[in-house]
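Participant: Structure file data-v1.txt (compact mmCIF, C-alpha atoms and all ligand atoms) is given on the next line.
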```txt
# COMPACT_ATOMS: atom_id res chain seq x y z
CA MET A 1 0.00 0.00 0.00
CA PRO A 2 1.15 3.54 -0.57
CA VAL A 3 3.47 5.22 1.81
CA ALA A 4 2.39 8.78 2.43
CA SER A 5 5.13 11.10 1.32
CA ASP A 6 5.08 14.07 -0.97
CA ILE A 7 5.77 13.49 -4.64
CA GLU A 8 7.40 16.39 -6.39
CA GLU A 9 5.22 18.12 -8.92
CA PRO A 10 6.36 16.85 -12.32
CA SER A 11 7.53 19.47 -14.75
CA ALA A 12 5.17 20.43 -17.56
CA ASP A 13 7.60 19.08 -20.13
CA ALA A 14 7.34 15.80 -18.31
CA ASP A 15 10.97 14.90 -18.07
CA ALA A 16 10.99 13.79 -14.49
CA ALA A 17 14.01 11.53 -14.74
CA GLY A 18 15.21 10.10 -11.48
CA GLU A 19 16.18 7.07 -9.53
CA GLY A 20 13.28 4.71 -9.94
CA LEU A 21 9.64 5.67 -9.98
CA PRO A 22 7.21 7.25 -7.52
CA ILE A 23 4.79 4.41 -6.88
CA ASN A 24 1.39 4.97 -5.34
CA GLU A 25 0.43 1.29 -5.29
CA VAL A 26 0.99 -2.13 -6.89
CA PHE A 27 -1.91 -4.56 -6.76
CA TYR A 28 -3.45 -7.58 -8.46
CA SER A 29 -6.99 -7.33 -9.81
CA LEU A 30 -9.06 -7.62 -12.98
CA GLN A 31 -8.62 -5.03 -15.70
CA GLY A 32 -11.81 -3.04 -15.28
CA GLU A 33 -11.91 -0.96 -18.44
CA GLY A 34 -11.43 -1.26 -22.17
CA ILE A 35 -10.96 -4.13 -24.60
CA LEU A 36 -9.13 -6.22 -21.97
CA ALA A 37 -11.80 -5.79 -19.28
CA GLY A 38 -11.90 -8.89 -17.12
CA VAL A 39 -8.29 -9.96 -17.71
CA PRO A 40 -6.33 -10.71 -14.49
CA SER A 41 -3.64 -8.05 -14.31
CA VAL A 42 -1.06 -6.54 -12.02
CA PHE A 43 -1.50 -2.79 -11.74
CA VAL A 44 1.49 -0.54 -11.23
CA ARG A 45 0.23 2.91 -10.35
CA THR A 46 2.75 5.73 -10.56
CA SER A 47 2.20 9.02 -8.78
CA GLY A 48 2.17 12.47 -10.38
CA CYS A 49 0.16 13.87 -13.28
CA ASN A 50 0.47 16.84 -15.62
CA LEU A 51 -3.34 17.38 -15.64
CA ARG A 52 -6.02 17.83 -12.98
CA CYS A 53 -9.38 16.41 -14.04
CA TRP A 54 -12.03 17.37 -11.50
CA PHE A 55 -13.34 13.78 -11.53
CA CYS A 56 -9.93 12.12 -11.19
CA ASP A 57 -10.43 8.61 -9.78
CA SER A 58 -6.85 8.47 -8.51
CA TYR A 59 -6.82 11.70 -6.50
CA HIS A 60 -3.69 10.66 -4.61
CA THR A 61 -1.68 10.55 -7.82
CA SER A 62 -2.78 13.94 -9.14
CA TRP A 63 -4.39 16.47 -6.80
CA GLU A 64 -2.48 15.22 -3.76
CA PRO A 65 0.21 12.89 -5.09
CA THR A 66 1.55 10.41 -2.56
CA GLY A 67 3.70 7.33 -2.82
CA ALA A 68 7.19 6.02 -2.33
CA TRP A 69 10.12 6.12 -4.74
CA ARG A 70 11.00 2.56 -5.72
CA ASP A 71 13.67 1.13 -7.97
CA VAL A 72 12.64 -0.79 -11.06
CA ASP A 73 14.03 -4.08 -9.69
CA SER A 74 11.71 -4.03 -6.70
CA ILE A 75 8.68 -3.17 -8.85
CA VAL A 76 9.39 -6.05 -11.26
CA GLU A 77 9.92 -8.38 -8.31
CA GLU A 78 6.53 -7.47 -6.87
CA VAL A 79 4.87 -7.91 -10.28
CA ARG A 80 6.42 -11.39 -10.56
CA SER A 81 5.10 -12.32 -7.12
CA HIS A 82 1.60 -12.36 -8.63
CA GLU A 83 2.24 -15.57 -10.51
CA GLN A 84 -1.25 -15.86 -12.00
CA ALA A 85 -0.93 -12.71 -14.11
CA ASN A 86 0.56 -12.34 -17.58
CA HIS A 87 -0.75 -8.80 -18.03
CA VAL A 88 0.57 -5.64 -16.45
CA VAL A 89 -1.23 -2.31 -16.50
CA LEU A 90 1.02 0.70 -16.02
CA THR A 91 -1.24 3.49 -14.84
CA GLY A 92 -1.24 6.63 -12.75
CA GLY A 93 -1.47 9.53 -12.52
CA GLU A 94 0.23 9.89 -15.83
CA PRO A 95 2.92 7.20 -16.05
CA LEU A 96 4.60 8.67 -19.14
CA ILE A 97 5.72 11.81 -17.32
CA HIS A 98 8.39 9.55 -15.83
CA GLU A 99 11.35 8.66 -18.02
CA GLU A 100 11.96 5.57 -15.89
CA SER A 101 8.63 4.13 -17.05
CA VAL A 102 10.47 3.20 -20.26
CA GLU A 103 12.96 1.04 -18.37
CA LEU A 104 10.15 -0.61 -16.42
CA LEU A 105 8.30 -1.41 -19.65
CA GLU A 106 11.48 -2.81 -21.20
CA ARG A 107 12.02 -5.05 -18.20
CA LEU A 108 8.42 -6.26 -18.26
CA ALA A 109 8.57 -6.95 -22.00
CA ALA A 110 11.80 -8.93 -21.54
CA ALA A 111 10.05 -10.99 -18.86
CA GLY A 112 7.24 -11.81 -21.31
CA TYR A 113 4.44 -9.66 -19.94
CA HIS A 114 1.73 -8.05 -22.05
CA THR A 115 1.70 -4.39 -21.08
CA THR A 116 -1.08 -1.84 -21.22
CA VAL A 117 -0.22 1.80 -20.55
CA GLU A 118 -3.07 3.98 -19.36
CA THR A 119 -2.22 7.50 -20.49
CA ASN A 120 -3.92 10.85 -21.03
CA GLY A 121 -2.22 11.05 -24.44
CA THR A 122 -0.24 14.25 -23.87
CA ILE A 123 3.22 12.63 -23.73
CA TYR A 124 4.96 10.32 -26.17
CA ARG A 125 7.60 7.80 -25.09
CA ASP A 126 9.33 5.17 -27.20
CA ALA A 127 8.82 1.96 -25.23
CA PRO A 128 7.59 -1.63 -25.66
CA ILE A 129 3.88 -0.99 -25.14
CA ASP A 130 1.44 -3.69 -26.27
CA LEU A 131 -1.69 -1.58 -25.82
CA ALA A 132 -1.77 2.19 -25.47
CA SER A 133 -4.99 2.93 -23.63
CA ILE A 134 -5.29 6.62 -24.37
CA SER A 135 -7.86 8.68 -22.53
CA PRO A 136 -7.86 12.18 -24.04
CA LYS A 137 -9.40 14.64 -21.64
CA LEU A 138 -12.48 16.52 -22.82
CA ALA A 139 -13.51 20.07 -21.92
CA SER A 140 -15.88 18.57 -19.36
CA SER A 141 -12.83 17.36 -17.36
CA THR A 142 -11.58 20.89 -16.62
CA PRO A 143 -11.68 21.86 -12.93
CA THR A 144 -13.87 24.95 -13.27
CA PRO A 145 -14.45 26.91 -10.03
CA ASP A 146 -17.76 25.14 -9.32
CA ARG A 147 -16.09 21.71 -9.36
CA ASP A 148 -12.46 22.27 -8.46
CA PRO A 149 -11.75 19.75 -5.64
CA LYS A 150 -9.40 22.22 -3.99
CA GLY A 151 -11.47 25.29 -4.72
CA ASP A 152 -8.51 27.55 -5.45
CA GLY A 153 -8.79 27.67 -9.27
CA GLU A 154 -5.07 27.05 -9.64
CA TRP A 155 -5.37 24.37 -12.31
CA GLU A 156 -8.26 25.49 -14.50
CA GLU A 157 -6.19 27.34 -17.10
CA LYS A 158 -3.19 24.98 -17.01
CA HIS A 159 -5.40 21.92 -17.41
CA GLU A 160 -7.35 23.50 -20.26
CA GLN A 161 -4.16 24.46 -22.11
CA ASN A 162 -2.48 21.08 -21.74
CA ARG A 163 -5.28 18.52 -21.93
CA ILE A 164 -4.89 17.86 -25.68
CA ASP A 165 -1.54 17.61 -27.46
CA MET A 166 -2.30 16.44 -30.98
CA GLY A 167 1.39 15.87 -31.75
CA ALA A 168 1.89 13.46 -28.85
CA LEU A 169 -1.53 11.88 -29.34
CA SER A 170 -1.00 11.12 -33.03
CA ARG A 171 2.52 9.74 -32.38
CA LEU A 172 1.10 7.35 -29.79
CA VAL A 173 -1.65 6.23 -32.16
CA ASP A 174 0.84 5.70 -34.99
CA ALA A 175 3.30 3.77 -32.83
CA TYR A 176 1.10 1.44 -30.78
CA GLU A 177 -2.02 -0.66 -30.85
CA THR A 178 -4.46 1.85 -29.43
CA GLN A 179 -7.79 2.26 -27.76
CA LEU A 180 -9.17 5.78 -27.40
CA LYS A 181 -11.15 5.81 -24.18
CA PHE A 182 -13.31 8.81 -23.34
CA VAL A 183 -14.86 9.48 -19.96
CA VAL A 184 -18.37 10.63 -20.84
CA THR A 185 -20.47 12.77 -18.55
CA ASP A 186 -23.45 13.20 -20.89
CA GLU A 187 -24.39 13.76 -24.55
CA THR A 188 -22.80 17.21 -24.58
CA ASP A 189 -19.40 15.44 -24.74
CA LEU A 190 -20.14 13.73 -28.08
CA PRO A 191 -19.49 16.61 -30.51
CA GLU A 192 -16.03 17.07 -29.01
CA ILE A 193 -15.35 13.32 -29.18
CA THR A 194 -16.37 12.99 -32.83
CA ASP A 195 -14.34 16.09 -33.72
CA LEU A 196 -11.27 14.80 -31.88
CA VAL A 197 -11.53 11.35 -33.46
CA ALA A 198 -11.72 12.99 -36.90
CA ARG A 199 -8.62 15.07 -36.12
CA VAL A 200 -6.72 11.98 -34.95
CA ARG A 201 -7.71 10.10 -38.10
CA SER A 202 -6.43 12.88 -40.33
CA ALA A 203 -3.21 13.30 -38.32
CA THR A 204 -2.16 9.64 -38.33
CA ASP A 205 -1.41 6.86 -40.76
CA ALA A 206 -3.03 4.31 -38.45
CA THR A 207 -6.57 3.10 -38.89
CA VAL A 208 -8.79 4.21 -36.03
CA ALA A 209 -11.93 2.11 -36.32
CA ASN A 210 -15.13 3.08 -34.54
CA ASP A 211 -14.71 0.16 -32.18
CA ASP A 212 -11.27 1.46 -31.19
CA VAL A 213 -13.20 4.41 -29.73
CA LEU A 214 -14.56 3.61 -26.29
CA LEU A 215 -17.15 5.53 -24.30
CA MET A 216 -16.88 5.04 -20.56
CA PRO A 217 -19.42 6.45 -18.12
CA GLU A 218 -18.16 9.00 -15.61
CA GLY A 219 -18.53 7.84 -12.02
CA MET A 220 -16.37 6.45 -9.25
CA THR A 221 -19.09 4.65 -7.32
CA ARG A 222 -21.92 2.29 -8.29
CA GLU A 223 -24.39 4.99 -7.32
CA GLN A 224 -22.74 7.53 -9.62
CA LEU A 225 -22.54 5.00 -12.47
CA ASP A 226 -26.23 4.24 -12.04
CA GLY A 227 -26.80 7.82 -13.18
CA THR A 228 -24.58 7.67 -16.29
CA ARG A 229 -24.09 4.15 -17.66
CA GLY A 230 -27.46 3.70 -19.38
CA ARG A 231 -27.24 6.97 -21.30
CA VAL A 232 -23.58 6.39 -22.25
CA ALA A 233 -24.44 2.90 -23.55
CA GLU A 234 -27.16 4.47 -25.72
CA LEU A 235 -24.71 7.09 -27.00
CA ALA A 236 -22.24 4.33 -27.94
CA MET A 237 -24.96 2.59 -29.97
CA GLU A 238 -26.09 5.83 -31.63
CA HIS A 239 -22.57 6.67 -32.80
CA GLY A 240 -21.24 3.16 -33.49
CA PHE A 241 -18.57 3.47 -30.80
CA ARG A 242 -17.75 0.81 -28.22
CA TYR A 243 -19.11 1.02 -24.68
CA THR A 244 -16.77 0.08 -21.90
CA PRO A 245 -17.90 -0.72 -18.38
CA ARG A 246 -16.03 0.16 -15.21
CA LEU A 247 -16.00 -3.46 -14.12
CA HIS A 248 -13.99 -2.84 -10.95
CA VAL A 249 -16.61 -0.34 -9.76
CA ASP A 250 -19.45 -2.75 -10.60
CA LEU A 251 -17.67 -5.52 -8.67
CA TRP A 252 -16.04 -3.70 -5.77
CA ASN A 253 -17.53 -0.22 -5.80
CA ASP A 254 -14.86 2.30 -4.74
CA ALA A 255 -12.75 -0.05 -2.60
CA PRO A 256 -9.02 0.84 -2.71
CA GLY A 257 -6.62 -1.55 -4.42
CA THR A 258 -9.12 -2.74 -7.03
S1 LIG B 301 -5.27 12.68 -16.53
FE1 LIG B 301 -5.93 10.86 -15.38
S2 LIG B 301 -4.63 10.80 -13.53
FE2 LIG B 301 -4.42 12.86 -14.44
S3 LIG B 301 -5.94 14.10 -13.34
FE3 LIG B 301 -6.94 13.32 -15.22
S4 LIG B 301 -7.97 11.41 -14.57
FE4 LIG B 301 -6.45 11.94 -12.98
```
In structure tokens, what does this structure look like?
Ligand code: SF4
Facilitator:
Amino acid sequence: MPVASDIEEPSADADAAGEGLPINEVFYSLQGEGILAGVPSVFVRTSGCNLRCWFCDSYHTSWEPTGAWRDVDSIVEEVRSHEQANHVVLTGGEPLIHEESVELLERLAAAGYHTTVETNGTIYRDAPIDLASISPKLASSTPTPDRDPKGDGEWEEKHEQNRIDMGALSRLVDAYETQLKFVVTDETDLPEITDLVARVRSATDATVANDDVLLMPEGMTREQLDGTRGRVAELAMEHGFRYTPRLHVDLWNDAPGT
């Protein structure tokens, strides 16, 4: 479990090289989201993010980042201790702000693991990534004054400026097998999603099929998902996109380490 200690704010250019990685938690569970939902996986959650979504479901990696710096050897050793799993999900926070994530991914690939990287799509790294699970952040993610968890308005402008980087996003899509996963609050998000998907398609050589585009209901608890999942499923059908559940919330609600 995480050790409470302050994680330095990563620089905006995301070159936080250092000894090892700031790790918020490592745990074994089922992948809850996306095309690999249901697959037993070890999750390595780094701390620190270059964005601040108001609905962030890993608050202690973004708004109040905590964790312990760990060397790559010890992380790989803990992954290997979960002998049932062949899949590793590198998540955050934003794992690609950390240069050392590349070494971790290289070590995991050499050990034969399938790796998924959960990223907000604003940073490109050259690494052995089997599935880039890219979750571009929509305008509805911006921490406006009425929904800023800290209430000080510090991140509204910075988040809005940095939430989409088409250069990094298109490089990721060109380089890796990709799913584009959007957190959807309601139907007002769809025009922005269809516009962004069109921009990605024109900026890349890769084929982005409609079922590579995933709509995921916003909500961190079963109660919150009860208010969004039905409408988001209907929106997926209307637009020909794929719906993805939040299986871990359906199974374990908001329990930590799931
Ligand atoms: S990009 Fe992801 S980790 Fe960062 S604040 Fe948004 S939801 Fe949280």
Participant: With ligand LIG 301 (chain B) as the partner and 7 Å as the cut-off, tabulate the residues of chain A that qualify, each row holding the nearest pair of atoms and their distance in Å to one decimal, using all atoms listed in the file, sorted by chain and rising number, as CSV.
Facilitator:
```
residue,atom,partner,partner_atom,distance
A:Cys49,CA,B:LIG301,FE2,4.8
A:Asn50,CA,B:LIG301,FE2,6.4
A:Leu51,CA,B:LIG301,S3,4.8
A:Arg52,CA,B:LIG301,S3,3.7
A:Cys53,CA,B:LIG301,FE3,4.1
A:Phe55,CA,B:LIG301,S4,6.6
A:Cys56,CA,B:LIG301,FE4,3.9
A:Asp57,CA,B:LIG301,S4,6.1
A:Ser58,CA,B:LIG301,FE4,5.7
A:Tyr59,CA,B:LIG301,FE4,6.5
A:Thr61,CA,B:LIG301,S2,6.4
A:Ser62,CA,B:LIG301,S3,5.3
A:Gly92,CA,B:LIG301,S2,5.4
A:Gly93,CA,B:LIG301,S2,3.6
A:Glu94,CA,B:LIG301,S2,5.5
A:Asn120,CA,B:LIG301,S1,5.0
A:Lys137,CA,B:LIG301,S1,6.9
```
Participant: Given all atoms listed in the file as the basis, pick out the residue of A:Arg80, A:His87, A:Arg125, A:Arg163 nearest to Val102 of chain A.
Facilitator: A:Arg125
Participant: Which is closest to Asp165 of chain A among A:Ile123, A:Leu108, A:Val232, A:Ile35, if we use all atoms listed in the file?
Facilitator: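 Answer, going by the shortest atom-to-atom distance: A:Ile123.
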Participant: Would you mind reading off the distance between atom CA of Gln84 of chain A and atom CA of Gly34 of chain A, one decimal, in Å?
Facilitator: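 Taking atom CA of Gln84 of chain A and atom CA of Gly34 of chain A, their separation equals 20.5 Å.
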Participant: Atom CA of Ala85 of chain A and atom CA of Tyr28 of chain A are how many Å apart?
Facilitator: 8.0 Å
Participant: Please write as an NGL selection string the list of polymer residues whose atoms come within 8 Å of (-25.1, 7.0, -18.7), counting all atoms listed in the file and keeping to the coordinates of the file.
Facilitator: :A and (184-186 or 217-218 or 225-234)
Participant: Which one is closest to Val208 of chain A: A:Leu196, A:Met237, A:Met166, A:Val183? Count only C-alpha atoms.
Facilitator: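 Of A:Leu196, A:Met237, A:Met166, A:Val183, the one nearest Val208 of chain A, counting only C-alpha atoms, is A:Leu196.
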Participant: Leaving out Val42 of chain A and any residue of its chain fewer than 5 positions from it, which residues lie within 12 Å of it when counting only C-alpha atoms, given as number ranges by chain?
Facilitator: A: 25-32, 75-91, 108, 113-117, 257-258
Participant: Let me make sure I understand: among A:Val213, A:Ala168, A:Leu138, A:Met220, which one has the smallest atom-to-atom distance to Asp250 of chain A if we use all atoms listed in the file?
Facilitator: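 Selected residue with least distance to Asp250 of chain A: A:Met220.
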Participant: Rounded to one decimal in Å, what is the spacing between atom CA of Ala209 of chain A and atom CA of Asp189 of chain A?
Facilitator: 19.2 Å
Participant: Which residues are close to Lys181 of chain A, i.e. within 10 Å by all atoms listed in the file, leaving aside same-chain residues fewer than 2 positions away? Reply as a list of chain:residue names.
Facilitator: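 Listing them by chain and then by number gives A:Glu33, A:Gly34, A:Ile35, A:Glu118, A:Thr119, A:Asn120, A:Ser133, A:Ile134, A:Ser135, A:Pro136, A:Lys137, A:Thr178, A:Gln179, A:Val183, A:Val184, A:Ile193, A:Asp212, A:Val213, A:Leu214, A:Leu215, A:Met216, A:Arg242, A:Tyr243, A:Thr244.
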Participant: Could you tell me which of A:Ala175, A:Leu21, A:Leu131, A:Val39 comes closest to Ser101 of chain A if we count only C-alpha atoms?
Facilitator: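 For Ser101 of chain A, the nearest of the given residues is A:Leu21.
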Participant: Would you list the contacts of Glu156 of chain A as a PyMOL selection string, taking every protein, DNA or RNA residue within 9 Å and counting all atoms listed in the file, but skipping same-chain residues closer than 4 positions in sequence?
Facilitator: chain A and resi 52+142-145+148+160-161
